[in-house]
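A.B. asks: Have a look at this one before I ask anything.
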Amino acid sequence: MAGSPLTPLGWGADRGSDGGPGGEFDLASWGRALVRHRWILAGAVAVGLALGAAASLLMTPIYTAEATLQVDREGDKVIGAGEVTPLDLGISDDEFFQTQYGLLRGRSLAERVSRTLGLAQDDRFATRMTGRQVQANSPVARPRVVIHLLRTHLDVVPARGSRLVGISFSSPDPGLSARVANTFADDFIAADLDRRFQSSAHARDFLKRSLADVKARLEASEGDLVDYAASQQIIPLAGNPRSDNPDAGQSLAGADLEAFNTALAAAKVDRIRDEQRWRQARDSGGLAVADVLQNPTVQQLSQERAKLAAEYQDKLSVFKPDYPDMVELAARRTEIDRQLKLQTASVLQSLHAQYSAALASEHALAGQVDKLKGAVLDLRARSIRYTILKREVDTNRALYDGLLQRYKEVAVAGGAASSNVAVVDRAQAPRRPSWPKPLLNLIIGGLAGAVAGAGLAFGREGLDQTVRAPADLEGVLALPLLGALPPLQKGMAAGDALADPRSPLTEAYQSLCSTLRLASPGGFPPSLSITSAQPGGGKSTTALAMARNQARLGLRVLLIDADLRAPSLHTMVGADNRVGLSTLLTGAARLEDAAQAGEVANLFLLPCGPISPSPAELLAGNRFATVIAQAMAAFDIVICDGPPIMALADAPAIGAATGATVLIVEAGRTGRSQVRDALRRMEMAGCRIVGMVLTRFDPPRGAYGYGYGRDRESA
């Protein structure tokens with residue numbers, strides 16, 4: 001472009017990833033791309049969610065049941081008489097547990113489970129697991145299929161840092177999953193017991209033979225004992241645990257001697273007690289004996305005598321002893337004394353009788369004990385052989401009982417009680433499927449949709465050449481962006497917005513004019529043409545706003561409607577369009593006759609005038625340049641509202657006649673290729689483009705400097 005220090009970067013140049021040439025990655029630009037194509041992103045996410053939901057509905061539900069086992073490190077080994085000690089396997093803990101996990105996953109355990117549940121007898125298990133009809137004609141092939149399915153759907157999960165192992169099985173049937181998981185646990189324990197049982201086979205055989213020999217000896221010794229006891233008339237009885245004599249209580253004579261001896265001791269105690277009571281009563285005269293004092297009759301007579309004595313003493317103070325009442329009381333007292341003596345004598349006689357009976361009983365028991373002593377001594381002489389035979393029987397019985405107990409322990413050595421594996425939690429039929437997981441499928445579908453949507457958004461962004469933000473223009477060429485103008489508010493006309501000095505649009509145009517004055521070396525260009533890459537970009541509004549702004553500064557401004565094909569300025573300001581630029585170009589009128597005063601002081605309008613059938617011919621040659629020269633001589637600033645560039649020659653001709661040109665680009669509608677083509681045509685015509693203006697740009701609140709204006713207007 002002649003006379004312009006700013007030239008395009010290259011008509012086919014691509015902008016950098018940051019919106020600028022050769023720039024680095026700019027996350028904000030990609031974020032704006034996602035916001036611009038948010039409906040594509042939302043649609044892709046919705047499709048992904050729908051696919052995830054459809055997959056969750058169409059997939060066959062899989063139910064996983066888990067049983068928990070506790071596997072202890074040590075095994076059990078039977079040694080000696082009932083002694084059980086851990087068996088040192090000579091391997092590390094990790095090797096031991098890895099061996100157990102391998103046994104759980106092994107083929108032999110799967111075969112055992114298949115036999116236990118009878119899964120190889122028909123095809124229903126394989127059909128249910130695979131979801132299709134599976135038939136194995138060979139009786140060998142069907143078990144292989146079942147075992148493969150069991151091992152494939154089995155999962156052994158050891159709990160880290162513990163001896164717990166989870167056995168889980170997955171299938172489309174929750175009951176089948178729980179049944180198979182529990183069978184794996186039970187059969188694993190049974191297999192362990194079988195291995196232990198087989199390892200103790202030698203011990204069982206040895207104990208069985210030894211048990212038979214000891215049993216024969218026990219039976220022979222018991223027979224000898226019974227025969228000897230019958231021949232010697234020895235009747236064994238239950239022993240007395242309180243006796244230290246090993247022979248006491250072993251026969252009838254010994255039992256009698258012990259019983260009579262005990263009775264004799266008790267009789268001696270009774271005799272001594274009764275003798276002591278009788279002697280005490282005899283020596284004290286009877287009245288001081290406890291038995292006499294405790295006798296009810298003696299107590300009653302004593303009470304009556306005390307009453308008579310008290311009454312006698314009471315009346316003695318009044319009557320003499322020979323008084324009849326006093327004589328009667330004395331006689332009654334004498335009678336009571338006689339009865340007391342008789343009752344006391346009766347008690348003493350009773351005590352003497354008790355003593356005599358106790359003495360006789362003691363003598364009788366002593367005689368019987370003397371007789372039994374001889375019988376017991378004779379029994380002891382005959383019991384020596386009996387004791388020897390009985391001890392032999394006891395020895396054989398103890399040995400037999402020990403071997404029998406050990407044989408039983410060895411027989412169940414591989415049982416659950418001695419197994420190092422135990423079921424902690426049995427598997428329960430799950431209520432909910434473990435797969436598919438709707439939430440996980442939705443998350444995966446949503447993420448996949450988001451990735452696909454972002455890819456589509458970025459792809460469309462890369463293919464989309466539409467200018468939407470100032471960064472899009474700055475990335476196309478090195479021309480400055482003079483300003484970005486906001487769109488009109490809904491329901492508001494351009495004239496009304498420009499008439500309000502506080503509106504965001506008015507302030508944006510004021511900023512645009514200030515930038516334009518600073519962008520040119522001599523200030524605001526004396527002659528300026530406004531054009532756009534395509535129609536409807538807001539160039540007429542921009543031209544009118546810039547003209548009004550300069551006129552308010554006290555400069556004489558002529559606004560020319562140079563769009564000879566679709567003029568609009570006269571409509572915007574309500575001017576007469578019968579005389580205008582077209583009449584000047586044809587020589588039918590003069591500038592001072594065609595220029596009309598505007599609604600703002602110092603602002604004049606040269607309308608388009610009657611539309612010519614050949615606008616390009618009117619603008620060709622020097623006629624338009626002559627009009628511009630005349631206008632510049634009469635006015636301080638001349639602003640031309642030119643037509644859009646498109647494929648016409650009008651705009652380049654107008655731009656070549658003026659000193660500067662401003663290109664209007666409509667955000668969201670003008671493509672970058674259109675801007676490049678427009679700049680190329682203007683350059684070829686020799687136009688001096690001072691910058692570009694982005695119109696109808698609606699940034700996020702607070703971006704690019706328009707948030708303050710809008711907030712103030714709403715306030």
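Scheme for the structure tokens: letters A, B, ... for chains in order shown; per-chain residue numbers from 1; ligand numbers from 1 in order shown.
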Report the residues of stretch 473-540 of chain A whose backbone DSSP state falls under alpha helix (DSSP H), written as JSON, numbers by chain.
C.D. replies: {"A": [473, 474, 494, 495, 496, 497, 498, 499, 504, 505, 506, 507, 508, 509, 510, 511, 512, 513, 514, 515, 516, 517, 518, 519, 539, 540]}
A.B. asks: Those residues with N, CA and C atoms, as a PDB file, in the first residue's frame please?
C.D. replies:
```pdb
ATOM      1  N   LEU A 473      -8.459 -10.237  14.120  1.00  0.00           N
ATOM      2  CA  LEU A 473      -7.963  -9.236  13.170  1.00  0.00           C
ATOM      3  C   LEU A 473      -6.468  -9.011  13.346  1.00  0.00           C
ATOM      4  N   GLU A 474      -6.043  -8.949  14.579  1.00  0.00           N
ATOM      5  CA  GLU A 474      -4.625  -8.709  14.814  1.00  0.00           C
ATOM      6  C   GLU A 474      -3.772  -9.862  14.329  1.00  0.00           C
ATOM      7  N   ALA A 494     -29.921   3.151  16.061  1.00  0.00           N
ATOM      8  CA  ALA A 494     -28.577   3.711  16.071  1.00  0.00           C
ATOM      9  C   ALA A 494     -28.604   5.199  16.385  1.00  0.00           C
ATOM     10  N   GLY A 495     -29.604   5.910  15.831  1.00  0.00           N
ATOM     11  CA  GLY A 495     -29.680   7.350  16.095  1.00  0.00           C
ATOM     12  C   GLY A 495     -29.896   7.647  17.558  1.00  0.00           C
ATOM     13  N   ASP A 496     -30.750   6.853  18.206  1.00  0.00           N
ATOM     14  CA  ASP A 496     -30.999   7.074  19.627  1.00  0.00           C
ATOM     15  C   ASP A 496     -29.745   6.795  20.452  1.00  0.00           C
ATOM     16  N   ALA A 497     -29.020   5.735  20.123  1.00  0.00           N
ATOM     17  CA  ALA A 497     -27.797   5.419  20.858  1.00  0.00           C
ATOM     18  C   ALA A 497     -26.751   6.509  20.691  1.00  0.00           C
ATOM     19  N   LEU A 498     -26.627   7.070  19.453  1.00  0.00           N
ATOM     20  CA  LEU A 498     -25.641   8.121  19.231  1.00  0.00           C
ATOM     21  C   LEU A 498     -26.055   9.435  19.869  1.00  0.00           C
ATOM     22  N   ALA A 499     -27.378   9.629  20.021  1.00  0.00           N
ATOM     23  CA  ALA A 499     -27.849  10.871  20.643  1.00  0.00           C
ATOM     24  C   ALA A 499     -27.590  10.893  22.139  1.00  0.00           C
ATOM     25  N   PRO A 504     -22.894   3.308  25.731  1.00  0.00           N
ATOM     26  CA  PRO A 504     -21.635   2.623  25.410  1.00  0.00           C
ATOM     27  C   PRO A 504     -21.205   2.834  23.964  1.00  0.00           C
ATOM     28  N   LEU A 505     -22.169   2.922  23.040  1.00  0.00           N
ATOM     29  CA  LEU A 505     -21.815   3.094  21.628  1.00  0.00           C
ATOM     30  C   LEU A 505     -21.192   4.472  21.405  1.00  0.00           C
ATOM     31  N   THR A 506     -21.773   5.503  22.028  1.00  0.00           N
ATOM     32  CA  THR A 506     -21.223   6.858  21.868  1.00  0.00           C
ATOM     33  C   THR A 506     -19.807   6.930  22.441  1.00  0.00           C
ATOM     34  N   GLU A 507     -19.605   6.382  23.614  1.00  0.00           N
ATOM     35  CA  GLU A 507     -18.278   6.416  24.211  1.00  0.00           C
ATOM     36  C   GLU A 507     -17.278   5.612  23.386  1.00  0.00           C
ATOM     37  N   ALA A 508     -17.751   4.524  22.775  1.00  0.00           N
ATOM     38  CA  ALA A 508     -16.853   3.741  21.934  1.00  0.00           C
ATOM     39  C   ALA A 508     -16.416   4.545  20.709  1.00  0.00           C
ATOM     40  N   TYR A 509     -17.332   5.300  20.114  1.00  0.00           N
ATOM     41  CA  TYR A 509     -16.965   6.126  18.952  1.00  0.00           C
ATOM     42  C   TYR A 509     -16.044   7.265  19.365  1.00  0.00           C
ATOM     43  N   GLN A 510     -16.246   7.822  20.541  1.00  0.00           N
ATOM     44  CA  GLN A 510     -15.328   8.854  21.014  1.00  0.00           C
ATOM     45  C   GLN A 510     -13.922   8.283  21.183  1.00  0.00           C
ATOM     46  N   SER A 511     -13.845   7.081  21.742  1.00  0.00           N
ATOM     47  CA  SER A 511     -12.544   6.433  21.871  1.00  0.00           C
ATOM     48  C   SER A 511     -11.938   6.139  20.509  1.00  0.00           C
ATOM     49  N   LEU A 512     -12.783   5.761  19.534  1.00  0.00           N
ATOM     50  CA  LEU A 512     -12.299   5.473  18.183  1.00  0.00           C
ATOM     51  C   LEU A 512     -11.690   6.726  17.544  1.00  0.00           C
ATOM     52  N   CYS A 513     -12.373   7.851  17.681  1.00  0.00           N
ATOM     53  CA  CYS A 513     -11.856   9.086  17.096  1.00  0.00           C
ATOM     54  C   CYS A 513     -10.545   9.506  17.764  1.00  0.00           C
ATOM     55  N   SER A 514     -10.473   9.311  19.082  1.00  0.00           N
ATOM     56  CA  SER A 514      -9.233   9.651  19.774  1.00  0.00           C
ATOM     57  C   SER A 514      -8.088   8.774  19.285  1.00  0.00           C
ATOM     58  N   THR A 515      -8.365   7.489  19.121  1.00  0.00           N
ATOM     59  CA  THR A 515      -7.327   6.577  18.625  1.00  0.00           C
ATOM     60  C   THR A 515      -6.904   6.950  17.221  1.00  0.00           C
ATOM     61  N   LEU A 516      -7.879   7.346  16.393  1.00  0.00           N
ATOM     62  CA  LEU A 516      -7.554   7.707  15.009  1.00  0.00           C
ATOM     63  C   LEU A 516      -6.692   8.967  14.970  1.00  0.00           C
ATOM     64  N   ARG A 517      -6.943   9.915  15.839  1.00  0.00           N
ATOM     65  CA  ARG A 517      -6.112  11.120  15.882  1.00  0.00           C
ATOM     66  C   ARG A 517      -4.685  10.768  16.291  1.00  0.00           C
ATOM     67  N   LEU A 518      -4.535   9.829  17.192  1.00  0.00           N
ATOM     68  CA  LEU A 518      -3.204   9.447  17.636  1.00  0.00           C
ATOM     69  C   LEU A 518      -2.494   8.554  16.633  1.00  0.00           C
ATOM     70  N   ALA A 519      -3.290   7.814  15.806  1.00  0.00           N
ATOM     71  CA  ALA A 519      -2.680   6.882  14.858  1.00  0.00           C
ATOM     72  C   ALA A 519      -2.065   7.592  13.660  1.00  0.00           C
ATOM     73  N   LYS A 539     -20.851   0.669   8.625  1.00  0.00           N
ATOM     74  CA  LYS A 539     -19.961   1.739   8.174  1.00  0.00           C
ATOM     75  C   LYS A 539     -20.675   3.082   8.141  1.00  0.00           C
ATOM     76  N   SER A 540     -21.957   3.119   7.735  1.00  0.00           N
ATOM     77  CA  SER A 540     -22.685   4.397   7.678  1.00  0.00           C
ATOM     78  C   SER A 540     -22.840   4.979   9.068  1.00  0.00           C
TER      79      SER A 540
END
```
A.B. asks: Would you list the contacts of stretch 147-153 of chain A as an MDAnalysis selection string, taking every protein, DNA or RNA residue within 6 Å and counting only C-alpha atoms, but skipping same-chain residues closer than 6 positions in sequence?
C.D. replies: chainID A and resid 110 169:170
A.B. asks: Using only C-alpha atoms, which of the listed residues (A:Ile611, A:Ala533, A:Ala159, A:Val579) sits closest to A:Glu666?
C.D. replies: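 Comparing A:Ile611, A:Ala533, A:Ala159, A:Val579 against A:Glu666, the winner is A:Ala533.
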A.B. asks: Counting only C-alpha atoms, what is within 9 Å of A:Thr670, bar same-chain residues fewer than 3 positions away, as a list in words?
C.D. replies: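 Everything that qualifies: Gln465, Thr466, Val467, Arg468, Ala533, Gln534, Gly537, Val665, Glu666, Ala667, Ser673, Gln674 and Val675 of chain A.
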A.B. asks: Between atom CA of A:Glu592 and atom CA of A:Ala562, what is the distance in Å, rounded to a tenth?
C.D. replies: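 So the two atoms, atom CA of A:Glu592 and atom CA of A:Ala562, lie 16.9 Å apart.
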A.B. asks: Please compute the atom CA of A:Gly459-atom CA of A:Arg36 distance, one decimal, in Å.
C.D. replies: 12.6 Å
A.B. asks: Using only C-alpha atoms, which of A:Leu211, A:Val269, A:Ala448, A:Leu342 sits nearest A:Gly402?
C.D. replies: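 When distances to A:Gly402 are compared using only C-alpha atoms, the smallest one comes from A:Leu211.
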A.B. asks: Between atom CA of A:Thr183 and atom CA of A:Thr116, what distance in Å does the model show, to one decimal?
C.D. replies: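 Result for atom CA of A:Thr183 versus atom CA of A:Thr116: 7.7 Å, one decimal.
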A.B. asks: Pick out the residues sitting within 8 Å of stretch 101-109 of chain A, and hand them over as a PDB file with C-alpha atoms, in the first residue's frame; count only C-alpha atoms, and ignore anything fewer than 6 positions along from it in its own chain.
C.D. replies:
```
ATOM      1  CA  ILE A 147     -13.354 -75.024  33.745  1.00  0.00           C
ATOM      2  CA  ARG A 151     -11.180 -69.726  35.963  1.00  0.00           C
ATOM      3  CA  LEU A 154     -12.896 -66.019  39.160  1.00  0.00           C
ATOM      4  CA  VAL A 156      -8.665 -63.754  43.862  1.00  0.00           C
ATOM      5  CA  PHE A 184     -14.744 -72.313  45.681  1.00  0.00           C
ATOM      6  CA  ASP A 187     -13.780 -76.850  48.123  1.00  0.00           C
ATOM      7  CA  PHE A 188     -10.512 -75.041  48.765  1.00  0.00           C
ATOM      8  CA  ALA A 191      -8.907 -79.856  49.213  1.00  0.00           C
TER       9      ALA A 191
END
```
A.B. asks: Measuring between only C-alpha atoms, which one of A:Leu485, A:Ala330, A:Ala595, A:Ala685 shows the shortest distance to A:Thr541?
C.D. replies: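 The answer is A:Leu485, which sits nearest to A:Thr541.
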A.B. asks: From the set A:Ala366, A:Ala181, A:Leu164, A:Leu581, which residue has the shortest atom-to-atom contact distance to A:Gln70, counting only C-alpha atoms?
C.D. replies: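 Smallest separation from A:Gln70 among the options: A:Leu164.
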A.B. asks: Which one of A:Asp227, A:Asp186, A:Asp155, A:Asp698 sits closest to A:Arg426 if you count only C-alpha atoms?
C.D. replies: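 Of all the options, A:Asp186 lies closest to A:Arg426.
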A.B. asks: For A:Tyr407, find every residue with an atom within 8 Å (counting only C-alpha atoms), except residues of its own chain fewer than 4 positions away, and show them as a VMD selection string.
C.D. replies: chain A and resid 204 207 to 208 403 411
A.B. asks: Would you put the residues from that selection into a file with C-alpha atoms, as a PDB file, in the first residue's frame?
C.D. replies:
```pdb
ATOM      1  CA  ARG A 204      -3.300 -93.721  60.957  1.00  0.00           C
ATOM      2  CA  LEU A 207      -2.023 -96.263  65.282  1.00  0.00           C
ATOM      3  CA  LYS A 208      -4.605 -98.717  64.003  1.00  0.00           C
ATOM      4  CA  LEU A 403      -4.153 -94.602  71.361  1.00  0.00           C
ATOM      5  CA  ALA A 411      -8.347 -89.435  61.488  1.00  0.00           C
TER       6      ALA A 411
END
```
A.B. asks: Nearest to A:Val662 among A:Thr531, A:Ala625, A:Gln339, A:Ala588, with distances taken over only C-alpha atoms: which residue is it?
C.D. replies: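 Using only C-alpha atoms, A:Val662 sits closest to A:Thr531.
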